[in-house]
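Colleague: Provided herewith: run_6.json, JSON, C-alpha atoms and all ligand atoms.
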```
[["chain", "number", "residue", "atom", "x", "y", "z"],
["L", 159, "MET", "CA", 245.03, 121.81, -8.09],
["L", 160, "ASN", "CA", 242.32, 120.01, -10.06],
["L", 161, "ALA", "CA", 243.61, 116.65, -11.31],
["L", 162, "LEU", "CA", 241.99, 114.41, -13.90],
["L", 163, "ILE", "CA", 243.12, 110.86, -13.10],
["L", 164, "THR", "CA", 242.26, 107.69, -15.02],
["L", 165, "GLY", "CA", 241.99, 104.24, -13.46],
["L", 166, "ILE", "CA", 241.09, 105.33, -9.93],
["L", 167, "SER", "CA", 239.01, 102.31, -8.85],
["L", 168, "ARG", "CA", 242.04, 100.37, -7.58],
["L", 169, "GLY", "CA", 245.81, 99.92, -7.67],
["L", 170, "VAL", "CA", 248.14, 102.79, -8.46],
["L", 171, "GLY", "CA", 245.38, 105.14, -9.66],
["L", 172, "PHE", "CA", 243.56, 104.78, -6.33],
["L", 173, "GLU", "CA", 246.78, 105.51, -4.39],
["L", 174, "ILE", "CA", 247.46, 108.61, -6.52],
["L", 175, "ALA", "CA", 243.88, 109.88, -6.03],
["L", 176, "LYS", "CA", 244.10, 109.32, -2.26],
["L", 177, "LEU", "CA", 247.42, 111.16, -2.02],
["L", 178, "PHE", "CA", 246.13, 114.14, -4.02],
["L", 179, "LEU", "CA", 243.05, 114.35, -1.77],
["L", 180, "GLU", "CA", 245.18, 114.14, 1.39],
["L", 181, "ASN", "CA", 247.14, 117.10, 0.02],
["L", 182, "ALA", "CA", 243.96, 119.19, -0.40],
["L", 183, "HIS", "CA", 243.68, 118.85, -4.19],
["L", 184, "THR", "CA", 240.51, 118.04, -6.14],
["L", 185, "VAL", "CA", 240.27, 114.81, -8.14],
["L", 186, "TYR", "CA", 238.16, 114.09, -11.22],
["L", 187, "GLY", "CA", 238.48, 110.34, -11.56],
["L", 188, "ILE", "CA", 237.63, 107.87, -14.29],
["L", 189, "SER", "CA", 237.32, 104.08, -14.41],
["L", 190, "ARG", "CA", 234.70, 101.55, -15.51],
["L", 191, "THR", "CA", 233.73, 100.50, -11.99],
["L", 192, "GLU", "CA", 233.35, 102.15, -8.61],
["L", 193, "SER", "CA", 235.08, 99.90, -6.08],
["L", 194, "ASP", "CA", 234.15, 99.81, -2.38],
["L", 195, "GLU", "CA", 237.41, 101.56, -1.46],
["L", 196, "LEU", "CA", 236.65, 104.30, -3.99],
["L", 197, "LYS", "CA", 233.09, 104.71, -2.61],
["L", 198, "ALA", "CA", 234.59, 105.10, 0.89],
["L", 199, "LEU", "CA", 237.00, 107.77, -0.41],
["L", 200, "GLU", "CA", 234.10, 109.63, -2.07],
["L", 201, "LYS", "CA", 232.28, 109.65, 1.28],
["L", 202, "GLN", "CA", 235.39, 111.03, 2.98],
["L", 203, "TYR", "CA", 235.92, 113.80, 0.39],
["L", 204, "PRO", "CA", 232.42, 114.64, -0.95],
["L", 205, "ASP", "CA", 233.47, 118.12, -2.17],
["L", 206, "HIS", "CA", 236.81, 117.14, -3.67],
["L", 207, "LEU", "CA", 236.35, 113.77, -5.37],
["L", 208, "PHE", "CA", 234.18, 113.44, -8.47],
["L", 209, "PHE", "CA", 233.79, 110.15, -10.32],
["L", 210, "LYS", "CA", 232.73, 109.27, -13.84],
["L", 211, "ASN", "CA", 232.46, 105.71, -15.07],
["L", 212, "PHE", "CA", 233.75, 105.50, -18.61],
["L", 213, "ASP", "CA", 235.31, 102.74, -20.68],
["L", 214, "LEU", "CA", 238.58, 104.01, -22.12],
["L", 215, "SER", "CA", 238.46, 101.40, -24.88],
["L", 216, "ASP", "CA", 236.16, 103.94, -26.58],
["L", 217, "PRO", "CA", 238.42, 106.95, -27.30],
["L", 218, "GLU", "CA", 235.96, 108.46, -29.80],
["L", 219, "ASN", "CA", 233.51, 109.27, -26.99],
["L", 220, "ILE", "CA", 236.02, 111.00, -24.71],
["L", 221, "LYS", "CA", 235.07, 114.48, -25.91],
["L", 222, "GLN", "CA", 231.34, 114.09, -25.18],
["L", 223, "ASN", "CA", 231.49, 111.89, -22.07],
["L", 224, "ILE", "CA", 234.45, 113.39, -20.26],
["L", 225, "PHE", "CA", 235.00, 116.92, -21.57],
["L", 226, "LYS", "CA", 231.33, 117.89, -21.99],
["L", 227, "ASP", "CA", 229.25, 115.78, -19.58],
["L", 228, "PHE", "CA", 231.83, 115.56, -16.74],
["L", 229, "ILE", "CA", 234.34, 118.41, -17.06],
["L", 230, "THR", "CA", 233.66, 121.61, -18.95],
["L", 231, "ASN", "CA", 236.08, 124.43, -19.74],
["L", 232, "HIS", "CA", 234.74, 126.16, -16.63],
["L", 233, "ILE", "CA", 236.51, 123.55, -14.51],
["L", 234, "PRO", "CA", 240.23, 124.26, -15.00],
["L", 235, "ILE", "CA", 242.35, 121.12, -15.26],
["L", 236, "HIS", "CA", 245.84, 121.68, -13.81],
["L", 237, "VAL", "CA", 246.99, 118.08, -14.02],
["L", 238, "LEU", "CA", 246.20, 115.10, -16.25],
["L", 239, "ILE", "CA", 247.36, 111.68, -15.07],
["L", 240, "ASN", "CA", 247.06, 108.95, -17.68],
["L", 241, "ASN", "CA", 247.27, 105.95, -15.37],
["L", 242, "ALA", "CA", 244.60, 103.46, -16.55],
["L", 243, "ALA", "CA", 245.91, 100.59, -18.62],
["L", 244, "MET", "CA", 245.37, 96.93, -19.35],
["L", 245, "ALA", "CA", 247.85, 94.19, -20.09],
["L", 246, "TYR", "CA", 247.41, 91.82, -23.01],
["L", 247, "ASP", "CA", 250.04, 89.24, -22.07],
["L", 248, "ASP", "CA", 250.98, 86.56, -24.55],
["L", 249, "ILE", "CA", 253.80, 85.50, -26.82],
["L", 250, "VAL", "CA", 253.67, 87.19, -30.20],
["L", 251, "THR", "CA", 252.95, 84.01, -32.15],
["L", 252, "ASN", "CA", 249.51, 83.99, -30.42],
["L", 253, "LEU", "CA", 248.76, 87.62, -31.33],
["L", 254, "ASN", "CA", 245.09, 88.48, -32.06],
["L", 255, "TYR", "CA", 243.99, 91.78, -33.54],
["L", 256, "PRO", "CA", 240.81, 92.46, -31.44],
["L", 257, "GLU", "CA", 242.72, 92.13, -28.13],
["L", 258, "LEU", "CA", 245.63, 94.15, -29.48],
["L", 259, "LYS", "CA", 243.31, 96.91, -30.71],
["L", 260, "THR", "CA", 241.44, 97.13, -27.39],
["L", 261, "MET", "CA", 244.72, 97.38, -25.49],
["L", 262, "PHE", "CA", 246.01, 100.15, -27.74],
["L", 263, "ASP", "CA", 242.68, 102.01, -27.37],
["L", 264, "VAL", "CA", 243.02, 101.92, -23.56],
["L", 265, "ASN", "CA", 246.80, 102.30, -23.16],
["L", 266, "LEU", "CA", 247.61, 104.70, -26.01],
["L", 267, "TYR", "CA", 244.74, 106.20, -28.03],
["L", 268, "SER", "CA", 242.62, 107.27, -25.04],
["L", 269, "PRO", "CA", 245.62, 108.88, -23.27],
["L", 270, "MET", "CA", 246.32, 110.76, -26.54],
["L", 271, "PHE", "CA", 242.76, 112.09, -26.76],
["L", 272, "LEU", "CA", 242.68, 112.94, -23.04],
["L", 273, "THR", "CA", 245.91, 114.88, -23.60],
["L", 274, "LYS", "CA", 244.34, 116.70, -26.56],
["L", 275, "TYR", "CA", 241.32, 117.90, -24.59],
["L", 276, "ALA", "CA", 243.23, 118.53, -21.35],
["L", 277, "ILE", "CA", 245.67, 120.81, -23.21],
["L", 278, "ARG", "CA", 242.72, 122.67, -24.81],
["L", 279, "ASN", "CA", 241.27, 123.13, -21.31],
["L", 280, "MET", "CA", 244.65, 124.38, -19.99],
["L", 281, "ILE", "CA", 245.03, 126.87, -22.86],
["L", 282, "TYR", "CA", 241.44, 128.12, -22.38],
["L", 283, "ASN", "CA", 242.08, 128.64, -18.65],
["L", 284, "ARG", "CA", 245.64, 130.01, -19.17],
["L", 285, "ILE", "CA", 247.12, 127.25, -17.02],
["L", 286, "SER", "CA", 250.72, 126.03, -17.09],
["L", 287, "GLY", "CA", 249.55, 122.47, -16.55],
["L", 288, "SER", "CA", 251.30, 119.18, -15.98],
["L", 289, "ILE", "CA", 250.64, 115.92, -17.83],
["L", 290, "ILE", "CA", 251.91, 112.67, -16.35],
["L", 291, "HIS", "CA", 251.70, 109.30, -18.10],
["L", 292, "ILE", "CA", 252.29, 106.01, -16.31],
["L", 293, "SER", "CA", 254.49, 103.73, -18.41],
["L", 294, "SER", "CA", 256.14, 100.44, -17.42],
["L", 295, "ILE", "CA", 259.64, 99.08, -16.98],
["L", 296, "SER", "CA", 258.73, 96.52, -19.66],
["L", 297, "ALA", "CA", 259.14, 99.30, -22.24],
["L", 298, "HIS", "CA", 262.85, 99.36, -21.30],
["L", 299, "THR", "CA", 263.81, 95.77, -20.44],
["L", 300, "GLY", "CA", 262.41, 92.71, -22.17],
["L", 301, "TYR", "CA", 259.97, 90.32, -20.45],
["L", 302, "LYS", "CA", 258.63, 87.21, -22.13],
["L", 303, "GLY", "CA", 254.94, 87.69, -23.02],
["L", 304, "LEU", "CA", 254.92, 91.48, -22.64],
["L", 305, "SER", "CA", 255.96, 92.61, -26.12],
["L", 306, "MET", "CA", 252.50, 93.94, -27.12],
["L", 307, "TYR", "CA", 251.92, 95.68, -23.78],
["L", 308, "ALA", "CA", 255.46, 97.11, -23.81],
["L", 309, "ALA", "CA", 254.90, 98.44, -27.34],
["L", 310, "SER", "CA", 251.83, 100.41, -26.17],
["L", 311, "LYS", "CA", 253.89, 101.95, -23.35],
["L", 312, "GLY", "CA", 256.88, 102.70, -25.61],
["L", 313, "ALA", "CA", 254.59, 104.62, -27.96],
["L", 314, "LEU", "CA", 253.15, 106.56, -25.01],
["L", 315, "GLN", "CA", 256.66, 107.55, -23.96],
["L", 316, "SER", "CA", 257.52, 108.90, -27.44],
["L", 317, "PHE", "CA", 254.22, 110.77, -27.46],
["L", 318, "SER", "CA", 254.98, 112.39, -24.09],
["L", 319, "LYS", "CA", 258.47, 113.53, -25.12],
["L", 320, "ASN", "CA", 257.13, 115.17, -28.28],
["L", 321, "ILE", "CA", 254.21, 116.80, -26.45],
["L", 322, "SER", "CA", 256.72, 118.40, -24.10],
["L", 323, "ARG", "CA", 258.40, 120.10, -27.12],
["L", 324, "GLU", "CA", 255.10, 121.00, -28.73],
["L", 325, "TRP", "CA", 253.57, 122.72, -25.68],
["L", 326, "GLY", "CA", 256.58, 123.78, -23.58],
["L", 327, "GLU", "CA", 256.36, 127.39, -24.77],
["L", 328, "ARG", "CA", 252.87, 127.57, -23.24],
["L", 329, "GLY", "CA", 254.31, 126.33, -19.93],
["L", 330, "ILE", "CA", 252.64, 122.91, -20.27],
["L", 331, "ARG", "CA", 254.83, 120.01, -19.15],
["L", 332, "SER", "CA", 254.65, 116.31, -20.00],
["L", 333, "ASN", "CA", 256.52, 113.58, -18.13],
["L", 334, "ILE", "CA", 256.52, 109.81, -17.82],
["L", 335, "VAL", "CA", 256.72, 107.77, -14.62],
["L", 336, "VAL", "CA", 258.17, 104.29, -15.21],
["L", 337, "PRO", "CA", 257.18, 101.89, -12.41],
["L", 338, "GLY", "CA", 258.62, 98.44, -11.87],
["L", 339, "TYR", "CA", 256.60, 95.43, -10.73],
["L", 340, "MET", "CA", 253.86, 96.26, -8.17],
["L", 341, "GLU", "CA", 251.42, 93.96, -6.36],
["L", 342, "THR", "CA", 248.15, 94.91, -8.08],
["L", 343, "ALA", "CA", 245.28, 93.20, -9.88],
["L", 344, "MET", "CA", 247.22, 93.58, -13.13],
["L", 345, "ASN", "CA", 249.70, 90.94, -11.94],
["L", 346, "ALA", "CA", 247.27, 88.63, -10.14],
["L", 347, "LYS", "CA", 248.11, 85.69, -12.41],
["L", 348, "LEU", "CA", 251.89, 85.66, -11.78],
["L", 349, "THR", "CA", 253.32, 82.81, -9.70],
["L", 350, "GLN", "CA", 255.65, 83.50, -6.75],
["L", 351, "ASP", "CA", 258.48, 81.91, -8.73],
["L", 352, "HIS", "CA", 257.89, 84.33, -11.63],
["L", 353, "LYS", "CA", 257.75, 87.28, -9.20],
["L", 354, "ASN", "CA", 261.04, 86.19, -7.57],
["L", 355, "ARG", "CA", 262.68, 86.16, -10.98],
["L", 356, "ILE", "CA", 261.45, 89.73, -11.60],
["L", 357, "PHE", "CA", 262.69, 90.89, -8.16],
["L", 358, "LYS", "CA", 266.12, 89.35, -8.83],
["L", 359, "ARG", "CA", 266.54, 91.78, -11.72],
["L", 360, "THR", "CA", 266.20, 94.80, -9.40],
["L", 361, "ALA", "CA", 268.99, 96.40, -7.38],
["L", 362, "LEU", "CA", 266.76, 96.48, -4.28],
["L", 363, "LYS", "CA", 265.61, 92.86, -4.86],
["L", 364, "LYS", "CA", 261.99, 93.75, -4.21],
["L", 365, "GLU", "CA", 258.74, 95.00, -5.69],
["L", 366, "THR", "CA", 258.08, 98.69, -6.40],
["L", 367, "ASP", "CA", 256.16, 100.51, -3.69],
["L", 368, "MET", "CA", 252.91, 102.06, -5.01],
["L", 369, "GLN", "CA", 253.18, 104.92, -2.52],
["L", 370, "SER", "CA", 256.58, 105.80, -3.95],
["L", 371, "VAL", "CA", 255.03, 105.96, -7.44],
["L", 372, "ALA", "CA", 252.16, 108.13, -6.17],
["L", 373, "GLU", "CA", 254.54, 110.54, -4.39],
["L", 374, "THR", "CA", 256.58, 110.91, -7.61],
["L", 375, "VAL", "CA", 253.41, 111.71, -9.55],
["L", 376, "LEU", "CA", 252.44, 114.35, -6.97],
["L", 377, "PHE", "CA", 255.92, 115.89, -7.25],
["L", 378, "LEU", "CA", 255.69, 116.01, -11.06],
["L", 379, "ALA", "CA", 252.22, 117.58, -10.84],
["L", 380, "GLY", "CA", 253.22, 120.60, -8.79],
["L", 381, "GLU", "CA", 255.41, 123.69, -8.81],
["L", 382, "LYS", "CA", 258.37, 121.90, -7.17],
["L", 383, "SER", "CA", 259.06, 120.16, -10.50],
["L", 384, "LYS", "CA", 258.48, 123.23, -12.67],
["L", 385, "SER", "CA", 261.76, 122.81, -14.61],
["L", 386, "ILE", "CA", 261.19, 119.11, -15.38],
["L", 387, "THR", "CA", 259.58, 118.18, -18.69],
["L", 388, "GLY", "CA", 260.02, 115.57, -21.43],
["L", 389, "GLN", "CA", 261.54, 113.17, -18.89],
["L", 390, "GLU", "CA", 261.13, 109.57, -17.84],
["L", 391, "ILE", "CA", 261.38, 109.07, -14.09],
["L", 392, "PHE", "CA", 262.09, 105.47, -13.07],
["L", 393, "VAL", "CA", 260.44, 104.27, -9.85],
["L", 394, "ASP", "CA", 261.35, 100.61, -10.23],
["L", 395, "SER", "CA", 263.51, 99.36, -7.31],
["L", 396, "GLY", "CA", 266.47, 99.85, -9.64],
["L", 397, "THR", "CA", 265.80, 97.51, -12.55],
["L", 398, "LEU", "CA", 269.24, 97.67, -14.17],
["L", 401, "LIG", "N1", 251.21, 96.53, -11.62],
["L", 401, "LIG", "C1", 252.42, 96.64, -12.13],
["L", 401, "LIG", "O1", 253.33, 95.83, -11.83],
["L", 401, "LIG", "C2", 252.77, 97.73, -13.08],
["L", 401, "LIG", "C3", 254.11, 97.86, -13.48],
["L", 401, "LIG", "C4", 254.46, 98.89, -14.33],
["L", 401, "LIG", "C5", 253.50, 99.78, -14.77],
["L", 401, "LIG", "N2", 252.19, 99.63, -14.39],
["L", 401, "LIG", "C6", 251.24, 100.61, -14.87],
["L", 401, "LIG", "O2", 250.65, 101.26, -13.75],
["L", 401, "LIG", "C7", 249.34, 101.73, -14.11],
["L", 401, "LIG", "C8", 248.34, 101.26, -13.08],
["L", 401, "LIG", "O3", 248.32, 99.83, -13.09],
["L", 401, "LIG", "P1", 247.77, 98.97, -11.87],
["L", 401, "LIG", "O4", 248.81, 97.97, -11.58],
["L", 401, "LIG", "O5", 247.28, 99.86, -10.79],
["L", 401, "LIG", "O6", 246.56, 98.21, -12.59],
["L", 401, "LIG", "P2", 245.17, 97.71, -12.02],
["L", 401, "LIG", "O7", 245.27, 97.41, -10.57],
["L", 401, "LIG", "O8", 244.75, 96.65, -12.97],
["L", 401, "LIG", "O9", 244.24, 99.01, -12.21],
["L", 401, "LIG", "C9", 243.96, 99.51, -13.48],
["L", 401, "LIG", "C10", 243.00, 100.68, -13.37],
["L", 401, "LIG", "O10", 242.69, 101.09, -14.71],
["L", 401, "LIG", "C11", 241.28, 101.02, -14.89],
["L", 401, "LIG", "N3", 240.96, 100.58, -16.24],
["L", 401, "LIG", "C12", 241.40, 99.45, -16.85],
["L", 401, "LIG", "N4", 240.82, 99.33, -18.06],
["L", 401, "LIG", "C13", 240.00, 100.42, -18.20],
["L", 401, "LIG", "C14", 239.11, 100.84, -19.22],
["L", 401, "LIG", "N5", 238.93, 100.14, -20.35],
["L", 401, "LIG", "N6", 238.44, 101.99, -19.03],
["L", 401, "LIG", "C15", 238.58, 102.70, -17.89],
["L", 401, "LIG", "N7", 239.40, 102.34, -16.89],
["L", 401, "LIG", "C16", 240.09, 101.20, -17.04],
["L", 401, "LIG", "C17", 240.79, 100.02, -13.84],
["L", 401, "LIG", "O11", 239.45, 100.31, -13.47],
["L", 401, "LIG", "P3", 238.16, 99.48, -13.92],
["L", 401, "LIG", "O12", 238.56, 98.04, -14.05],
["L", 401, "LIG", "O13", 237.19, 99.76, -12.84],
["L", 401, "LIG", "O14", 237.78, 100.09, -15.23],
["L", 401, "LIG", "C18", 241.73, 100.31, -12.68],
["L", 401, "LIG", "O15", 241.25, 101.39, -11.93],
["L", 401, "LIG", "C19", 249.09, 101.20, -15.51],
["L", 401, "LIG", "O16", 249.39, 102.19, -16.46],
["L", 401, "LIG", "C20", 250.06, 100.05, -15.64],
["L", 401, "LIG", "O17", 250.38, 99.78, -16.99],
["L", 401, "LIG", "C21", 251.81, 98.62, -13.56]]
```
Please, can you express the file's structure as C-alpha cells?
Ligand SMILES: NC(=O)c1ccc[n+]([C@@H]2O[C@H](COP(=O)([O-])OP(=O)(O)OC[C@H]3O[C@@H](n4cnc5c(N)ncnc54)[C@H](OP(=O)(O)O)[C@@H]3O)[C@@H](O)[C@H]2O)c1

Modeller:
Amino acid sequence: MNALITGISRGVGFEIAKLFLENAHTVYGISRTESDELKALEKQYPDHLFFKNFDLSDPENIKQNIFKDFITNHIPIHVLINNAAMAYDDIVTNLNYPELKTMFDVNLYSPMFLTKYAIRNMIYNRISGSIIHISSISAHTGYKGLSMYAASKGALQSFSKNISREWGERGIRSNIVVPGYMETAMNAKLTQDHKNRIFKRTALKKETDMQSVAETVLFLAGEKSKSITGQEIFVDSGTL
C-alpha cells in the first residue's frame, strides 16, 4: 500500500510511518521539519519513504505542493492518514482569533483538503482506499483549557462520518482513531500532577501507548478492516 501520512517528523505520526515501513508499505510523509529520527528512517528505507516539508497551516497550497509537486495521479494513494495537529491550549476567556484560525487550518481545513485530493486520486486509480483521521479523547470528555482544540477534533469526526456515507458506494472508507493521553511533544508542558489526574480518569490508570495507536491505524488501513467505516475507534486506556 502507498500511504500519505501527515506529521511524520515525531510522535504518533513517526510511529505510524515506521510501522507501515516495517510491514513493507510505502510512505509519503509530510511535516514542516525533518527530524534526526526521520532522516535515519529515510536512510533505512530509501525506496519506500518519501518526505515533503509543508506547513499545513496553508491549506490553499495543498493542491500544488502535495498533489502536483509531490504526488501525482500516477502514484496511487491507498491510504490517507490525517495525523498532524497542533494544540492551542487556553481557557476560552483568553481566546484569540489568529491562534484559533491557525489551529483550525492545521487540524481541520488541511485534513479536509487532503481528503478531497486523496479521494480524487483514489477514484482516478480505481482504488477502494482508506482514510484515517486522528482525533482526541478531549472531543468526548471535557478537559480544562482544551475547548478550542477539542472543537477542531469534534468537527473532524463529523466530517469523517459524513465522508463515509458520501464515498462508501465507491468502496472508500473513512474512520477516526481516538487516542487518550500520550507522552509526546504536544504535552511537554504538562506537570506530573496534571498527568496523574488524567491517568486517574482511565480504566487502566495509565497513558495511551503510541504503538497501540499505530497498530490500530495499520488495521484500519488494510483489508482486514474492510467492513469498518464511519466509526470512531477509541485507543485511550479506557477513558470512561
Ligand atoms: N499526545 C497526545 O496526548 C494526544 C492525545 C490525543 C490525540 N492526539 C493526536 O495525535 C496526533 C499526533 O499528535 P502527537 O502527540 O504525535 O503530536 P506531536 O508530537 O506534537 O507531533 C505533531 C506532528 O505534526 C506535525 N505538524 C504540526 N504542525 C504542523 C504544520 N503546521 N504543518 C505540518 N506538520 C505539522 C509535526 O511536525 P513539524 O513540527 O515538523 O511540522 C509533528 O510531526 C494529533 O492529531 C494529536 O491531536 C495526541

Colleague: Counting only C-alpha atoms and all ligand atoms, which residues in chain L sit no more than 6 Å from ligand LIG 401 (chain L)? For each one, give the nearest pair of atoms and the distance in Å, sorted by chain then residue number, as a tab-separated table.

Modeller:
```
residue	atom	partner	partner_atom	distance
L:Gly165	CA	L:LIG401	O15	3.3
L:Ile166	CA	L:LIG401	O15	4.4
L:Ser167	CA	L:LIG401	O15	3.9
L:Arg168	CA	L:LIG401	O15	4.5
L:Gly169	CA	L:LIG401	O5	3.4
L:Val170	CA	L:LIG401	O5	3.8
L:Gly171	CA	L:LIG401	O5	5.7
L:Ser189	CA	L:LIG401	N7	3.7
L:Arg190	CA	L:LIG401	O14	3.4
L:Thr191	CA	L:LIG401	O13	3.6
L:Phe212	CA	L:LIG401	C15	5.6
L:Asp213	CA	L:LIG401	N6	3.6
L:Leu214	CA	L:LIG401	N6	3.7
L:Ser215	CA	L:LIG401	N5	4.7
L:Asn241	CA	L:LIG401	O16	4.5
L:Ala242	CA	L:LIG401	O10	3.6
L:Ala243	CA	L:LIG401	O16	4.4
L:Met244	CA	L:LIG401	N4	5.3
L:Val264	CA	L:LIG401	N5	5.5
L:Ile292	CA	L:LIG401	O16	4.8
L:Ser293	CA	L:LIG401	C5	5.5
L:Ser294	CA	L:LIG401	C5	3.8
L:Ile295	CA	L:LIG401	C4	5.8
L:Pro337	CA	L:LIG401	C4	4.5
L:Gly338	CA	L:LIG401	C3	4.8
L:Tyr339	CA	L:LIG401	O1	3.5
L:Met340	CA	L:LIG401	O1	3.7
L:Glu341	CA	L:LIG401	N1	5.9
L:Thr342	CA	L:LIG401	O7	4.6
L:Ala343	CA	L:LIG401	O7	4.3
L:Met344	CA	L:LIG401	O8	3.9
L:Asn345	CA	L:LIG401	N1	5.8
```

Colleague: Considering only C-alpha atoms, can you say which of L:His236, L:His298, L:Lys319, L:His352 comes closest to Asn283 of chain L?

Modeller: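 Looking only at the distances to Asn283 of chain L, the closest residue turns out to be L:His236.
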
Colleague: Just the number, please: distance in Å from atom CA of Lys176 of chain L to atom CA of Asp216 of chain L, one decimal.

Modeller: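 Value for the atom CA of Lys176 of chain L-atom CA of Asp216 of chain L distance: 26.1 Å.
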
Colleague: Write out as number ranges by chain each polymer residue whose atoms come within 12 Å of segment 194-200 of chain L, counting only C-alpha atoms; drop sequence neighbours fewer than 6 positions from it.

Modeller: L: 165-169, 171-180, 184-188, 206-211

Colleague: For Ser385 of chain L, which residue among L:Ser310, L:Ser288, L:Thr397, L:Thr366 is the nearest when counting all atoms listed in the file?

Modeller: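 Closest candidate: L:Ser288.
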
Colleague: With only C-alpha atoms as the atoms that count, which of L:Tyr275, L:Tyr307, L:Phe377, L:Phe225 lies nearest to Leu253 of chain L?

Modeller: L:Tyr307

Colleague: Nearest to Ile235 of chain L among L:Lys363, L:Lys201, L:Arg355, L:His183, with distances taken over all atoms listed in the file: which residue is it?

Modeller: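 Of the candidates, the smallest distance to Ile235 of chain L is held by L:His183.
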
Colleague: Counting only C-alpha atoms, which of L:Asn320, L:Asp227, L:Ala308, L:Val371 gets nearest to Asp247 of chain L?

Modeller: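 Closest residue, counting only C-alpha atoms: L:Ala308.
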
Colleague: Looking at all atoms listed in the file, which of L:Asn181, L:Asn231, L:Ser305, L:Thr299 is the one that sits closest to Ala276 of chain L?

Modeller: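 Of L:Asn181, L:Asn231, L:Ser305, L:Thr299, the one nearest Ala276 of chain L is L:Asn231, counting all atoms listed in the file.
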
Colleague: Tell me, in Å to one decimal, how far atom CA of Asn333 of chain L is from atom CA of Gln389 of chain L.

Modeller: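 Interatomic distance, atom CA of Asn333 of chain L to atom CA of Gln389 of chain L: 5.1 Å.
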
Colleague: Mind listing whatever residues come within 7 Å of the point (260.1, 111.8, -15.0)? Use only C-alpha atoms, file coordinates, and give them as a PyMOL selection string.

Modeller: chain L and resi 333-335+389-392

Colleague: Report the distance between atom CA of Ala361 of chain L and atom CA of Asp394 of chain L in Å, rounded to one decimal place.

Modeller: 9.2 Å

Colleague: Excluding segment 329-332 of chain L and residues on its chain fewer than 2 positions from it, collect all residues at most 12 Å away from it, counting only C-alpha atoms, and give them as a ChimeraX atom specification.

Modeller: /L:235-240,270,273,276-281,284-292,314-327,334-335,375,378-381,383-391
